[in-house]
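Undergrad: My questions will all concern the structure given below.
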Amino acid sequence: MSTILVVEDTMTQAEIITGSLRNAGFNTILATNGDEARTKISQQKPSAIVMDVVLPNESGFELCRDLKDKPETKDIPIILCSTKSGEMDKFWGMKQGASAYLTKPVDAAELIRTIKLLVKD
């Protein structure tokens, strides 16, 4: 079974996203910021990462770029989720290495469909 790391600092959003993923049969791990995400990734490499853009200390854009620059994490698909829905935000997210960019409120069916397309295990 695939494990998805959810990086989200708003507990309501975290519960919605992790609940949707669990209902679809995925294991989930939760991190609330970039440092916690890196620690969790080093403990258990996830099949994919669902990440908020607005995070404490470091943006999801920065974390995405950092993970894509490292050999051990560059192949993990990253789905950015944000209330920032402008075309420039989406463009910038993809430029940082994201595999997909979804806007909030996240549509559970679209999230699951996107993850199933990206996760190959």
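Please note that chains go A, B, ... in the order of the structure tokens, that every chain numbers its residues from 1, and that ligands are numbered from 1 in the order shown.
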Using backbone DSSP assignments, extract all strand (DSSP E or B) residues from chain A; output them as a count of residues only.
TA: 24
Undergrad: Any idea what's packed within 8 Å of stretch 112-114 of chain A, counting only C-alpha atoms, ignoring anything in its chain fewer than 4 positions away? Could you give it as a short mmCIF file (atom, residue, chain, number, x, y, z; two decimals) with N, CA, C and O atoms, in the first residue's frame?
TA:
data_model
loop_
_atom_site.label_atom_id
_atom_site.label_comp_id
_atom_site.auth_asym_id
_atom_site.auth_seq_id
_atom_site.Cartn_x
_atom_site.Cartn_y
_atom_site.Cartn_z
N SER A 20 -9.41 11.86 3.14
CA SER A 20 -9.71 11.48 1.75
C SER A 20 -8.74 10.41 1.26
O SER A 20 -9.14 9.46 0.58
N LEU A 21 -7.46 10.59 1.60
CA LEU A 21 -6.45 9.62 1.16
C LEU A 21 -6.65 8.26 1.82
O LEU A 21 -6.57 7.23 1.17
N ALA A 24 -9.38 6.28 0.39
CA ALA A 24 -9.02 5.72 -0.92
C ALA A 24 -8.01 4.58 -0.77
O ALA A 24 -7.54 4.03 -1.77
N ALA A 100 2.04 18.20 -9.90
CA ALA A 100 0.68 18.69 -10.08
C ALA A 100 0.45 19.86 -9.12
O ALA A 100 1.15 20.00 -8.12
N ALA A 108 -11.63 16.08 -3.35
CA ALA A 108 -11.10 14.77 -2.96
C ALA A 108 -10.93 13.84 -4.15
O ALA A 108 -9.91 13.16 -4.29
N LEU A 118 0.13 9.45 -10.54
CA LEU A 118 1.55 9.71 -10.26
C LEU A 118 2.27 8.59 -9.52
O LEU A 118 3.46 8.44 -9.66
#
Undergrad: Rank nothing, just name the residue among A:Ser47, A:Thr12, A:Arg22, A:Phe61 nearest to A:Phe91, using only C-alpha atoms.
TA: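 Selected residue with least distance to A:Phe91: A:Phe61.
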Undergrad: Would you kindly return, as a ChimeraX atom specification, each protein, DNA or RNA residue with an atom no farther than 12 Å from any atom of A:Glu8, considering only C-alpha atoms and excluding same-chain residues fewer than 3 positions away?
TA: /A:5,11-18,29-34,36-37,49-56,59-60,79-82,104
Undergrad: Go ahead and write the selection's residues with N, CA, C and O atoms as a tab-separated table (two decimals), in the first residue's frame.
TA:
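Once everything was written out, this is result-v3.tsv:
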chain	number	residue	atom	x	y	z
A	5	LEU	N	2.84	11.42	2.13
A	5	LEU	CA	3.18	12.42	3.14
A	5	LEU	C	2.35	13.67	2.85
A	5	LEU	O	2.38	14.19	1.73
A	11	MET	N	-4.81	22.32	10.63
A	11	MET	CA	-5.30	21.00	11.04
A	11	MET	C	-6.59	20.59	10.32
A	11	MET	O	-6.74	19.43	9.95
A	12	THR	N	-7.50	21.54	10.09
A	12	THR	CA	-8.74	21.20	9.38
A	12	THR	C	-8.42	20.68	7.98
A	12	THR	O	-8.94	19.64	7.56
A	13	GLN	N	-7.57	21.40	7.26
A	13	GLN	CA	-7.17	20.97	5.91
A	13	GLN	C	-6.44	19.63	5.97
A	13	GLN	O	-6.65	18.76	5.13
A	14	ALA	N	-5.57	19.48	6.95
A	14	ALA	CA	-4.82	18.23	7.10
A	14	ALA	C	-5.77	17.05	7.28
A	14	ALA	O	-5.60	16.00	6.68
A	15	GLU	N	-6.78	17.25	8.12
A	15	GLU	CA	-7.75	16.18	8.37
A	15	GLU	C	-8.56	15.84	7.12
A	15	GLU	O	-8.83	14.67	6.84
A	16	ILE	N	-8.95	16.86	6.38
A	16	ILE	CA	-9.71	16.63	5.14
A	16	ILE	C	-8.87	15.83	4.14
A	16	ILE	O	-9.33	14.84	3.57
A	17	ILE	N	-7.62	16.27	3.94
A	17	ILE	CA	-6.75	15.62	2.95
A	17	ILE	C	-6.39	14.20	3.39
A	17	ILE	O	-6.52	13.25	2.61
A	18	THR	N	-5.94	14.04	4.64
A	18	THR	CA	-5.56	12.69	5.09
A	18	THR	C	-6.76	11.76	5.13
A	18	THR	O	-6.65	10.59	4.77
A	29	ILE	N	1.11	10.03	6.32
A	29	ILE	CA	2.00	10.58	7.33
A	29	ILE	C	1.75	12.08	7.29
A	29	ILE	O	1.61	12.66	6.20
A	30	LEU	N	1.73	12.74	8.44
A	30	LEU	CA	1.48	14.17	8.47
A	30	LEU	C	2.69	14.93	9.00
A	30	LEU	O	3.31	14.53	9.98
A	31	ALA	N	3.02	16.03	8.32
A	31	ALA	CA	4.03	16.97	8.79
A	31	ALA	C	3.41	18.37	8.70
A	31	ALA	O	2.60	18.63	7.82
A	32	THR	N	3.80	19.24	9.63
A	32	THR	CA	3.20	20.58	9.64
A	32	THR	C	4.15	21.67	9.13
A	32	THR	O	3.75	22.82	9.01
A	33	ASN	N	5.40	21.30	8.80
A	33	ASN	CA	6.34	22.28	8.24
A	33	ASN	C	7.45	21.53	7.49
A	33	ASN	O	7.50	20.30	7.50
A	34	GLY	N	8.33	22.30	6.86
A	34	GLY	CA	9.37	21.71	6.04
A	34	GLY	C	10.35	20.85	6.80
A	34	GLY	O	10.75	19.77	6.34
A	36	GLU	N	9.88	19.22	9.63
A	36	GLU	CA	9.21	17.98	10.03
A	36	GLU	C	9.05	17.06	8.82
A	36	GLU	O	9.23	15.84	8.92
A	37	ALA	N	8.75	17.65	7.67
A	37	ALA	CA	8.61	16.85	6.43
A	37	ALA	C	9.92	16.15	6.10
A	37	ALA	O	9.92	14.95	5.77
A	49	ILE	N	4.01	13.16	-2.18
A	49	ILE	CA	3.87	14.20	-1.17
A	49	ILE	C	2.78	15.17	-1.61
A	49	ILE	O	2.79	15.64	-2.75
A	50	VAL	N	1.82	15.43	-0.71
A	50	VAL	CA	0.80	16.45	-0.94
A	50	VAL	C	1.19	17.61	-0.02
A	50	VAL	O	1.27	17.44	1.20
A	51	MET	N	1.47	18.78	-0.61
A	51	MET	CA	2.08	19.86	0.15
A	51	MET	C	1.35	21.19	-0.04
A	51	MET	O	1.05	21.58	-1.16
A	52	ASP	N	1.11	21.86	1.08
A	52	ASP	CA	0.56	23.21	1.06
A	52	ASP	C	1.66	24.15	0.56
A	52	ASP	O	2.85	23.85	0.69
A	53	VAL	N	1.28	25.28	0.00
A	53	VAL	CA	2.27	26.27	-0.44
A	53	VAL	C	2.63	27.20	0.72
A	53	VAL	O	3.79	27.54	0.92
A	54	VAL	N	1.63	27.59	1.51
A	54	VAL	CA	1.87	28.51	2.62
A	54	VAL	C	2.14	27.70	3.89
A	54	VAL	O	1.24	27.10	4.46
A	55	LEU	N	3.42	27.63	4.27
A	55	LEU	CA	3.86	26.87	5.44
A	55	LEU	C	4.70	27.78	6.34
A	55	LEU	O	5.28	28.76	5.85
A	56	PRO	N	4.78	27.46	7.63
A	56	PRO	CA	5.63	28.27	8.51
A	56	PRO	C	7.11	28.10	8.17
A	56	PRO	O	7.54	27.01	7.79
A	59	SER	N	8.30	28.26	2.42
A	59	SER	CA	7.12	28.00	1.58
A	59	SER	C	7.18	26.60	0.97
A	59	SER	O	8.25	25.99	0.88
A	60	GLY	N	6.03	26.12	0.55
A	60	GLY	CA	5.97	24.85	-0.15
A	60	GLY	C	6.77	24.89	-1.44
A	60	GLY	O	7.33	23.88	-1.86
A	79	ILE	N	2.58	17.00	-5.10
A	79	ILE	CA	1.34	17.68	-5.49
A	79	ILE	C	1.20	18.90	-4.58
A	79	ILE	O	1.06	18.74	-3.37
A	80	LEU	N	1.31	20.07	-5.16
A	80	LEU	CA	1.12	21.29	-4.38
A	80	LEU	C	-0.37	21.59	-4.28
A	80	LEU	O	-1.09	21.47	-5.27
A	81	CYS	N	-0.82	21.98	-3.09
A	81	CYS	CA	-2.22	22.36	-2.86
A	81	CYS	C	-2.23	23.73	-2.23
A	81	CYS	O	-1.55	23.95	-1.22
A	82	SER	N	-2.99	24.66	-2.81
A	82	SER	CA	-2.96	26.00	-2.26
A	82	SER	C	-4.23	26.78	-2.57
A	82	SER	O	-4.92	26.48	-3.54
A	104	LYS	N	-7.23	24.85	-3.41
A	104	LYS	CA	-8.11	24.59	-2.26
A	104	LYS	C	-9.37	25.41	-2.42
A	104	LYS	O	-9.32	26.50	-2.96
Undergrad: Do you know which residues are at most 8 Å from A:Ser2 counting only C-alpha atoms, after dropping those on the same chain fewer than 3 positions away, and could you put them as a PyMOL selection string?
TA: chain A and resi 26-27+46-47+119+121
Undergrad: Put those residues in a file: N, CA, C and O atoms, as a PDB file, in the first residue's frame.
TA:
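out.pdb, freshly written:
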ATOM      1  N   PHE A  26      -4.936   4.708   0.981  1.00  0.00           N
ATOM      2  CA  PHE A  26      -3.531   5.090   1.151  1.00  0.00           C
ATOM      3  C   PHE A  26      -3.185   5.201   2.633  1.00  0.00           C
ATOM      4  O   PHE A  26      -4.023   5.579   3.444  1.00  0.00           O
ATOM      5  N   ASN A  27      -1.930   4.880   2.972  1.00  0.00           N
ATOM      6  CA  ASN A  27      -1.402   5.208   4.297  1.00  0.00           C
ATOM      7  C   ASN A  27      -1.004   6.677   4.255  1.00  0.00           C
ATOM      8  O   ASN A  27      -0.584   7.169   3.198  1.00  0.00           O
ATOM      9  N   PRO A  46       8.112   8.419   1.300  1.00  0.00           N
ATOM     10  CA  PRO A  46       6.732   8.274   0.827  1.00  0.00           C
ATOM     11  C   PRO A  46       6.658   8.015  -0.673  1.00  0.00           C
ATOM     12  O   PRO A  46       7.610   8.284  -1.413  1.00  0.00           O
ATOM     13  N   SER A  47       5.503   7.516  -1.110  1.00  0.00           N
ATOM     14  CA  SER A  47       5.266   7.296  -2.541  1.00  0.00           C
ATOM     15  C   SER A  47       4.966   8.607  -3.250  1.00  0.00           C
ATOM     16  O   SER A  47       5.204   8.752  -4.445  1.00  0.00           O
ATOM     17  N   VAL A 119       1.536   7.833  -8.706  1.00  0.00           N
ATOM     18  CA  VAL A 119       2.167   6.794  -7.877  1.00  0.00           C
ATOM     19  C   VAL A 119       2.224   5.491  -8.650  1.00  0.00           C
ATOM     20  O   VAL A 119       1.190   4.988  -9.108  1.00  0.00           O
ATOM     21  N   ASP A 121       3.602   2.507  -7.439  1.00  0.00           N
ATOM     22  CA  ASP A 121       3.947   1.304  -6.669  1.00  0.00           C
ATOM     23  C   ASP A 121       2.739   0.590  -6.108  1.00  0.00           C
ATOM     24  O   ASP A 121       1.629   0.945  -6.283  1.00  0.00           O
TER      25      ASP A 121
END
Undergrad: Mind giving me the straight-line distance from atom CA of A:Cys64 to atom CA of A:Pro77 in Å, one decimal?
TA: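 Answer for the atom CA of A:Cys64 to atom CA of A:Pro77 separation: 9.8 Å.
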Undergrad: A:Asn23, A:Thr10, A:Gln43, A:Ser99: which is nearest A:Ile76, counting only C-alpha atoms?
TA: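 Of all the options, A:Ser99 lies closest to A:Ile76.
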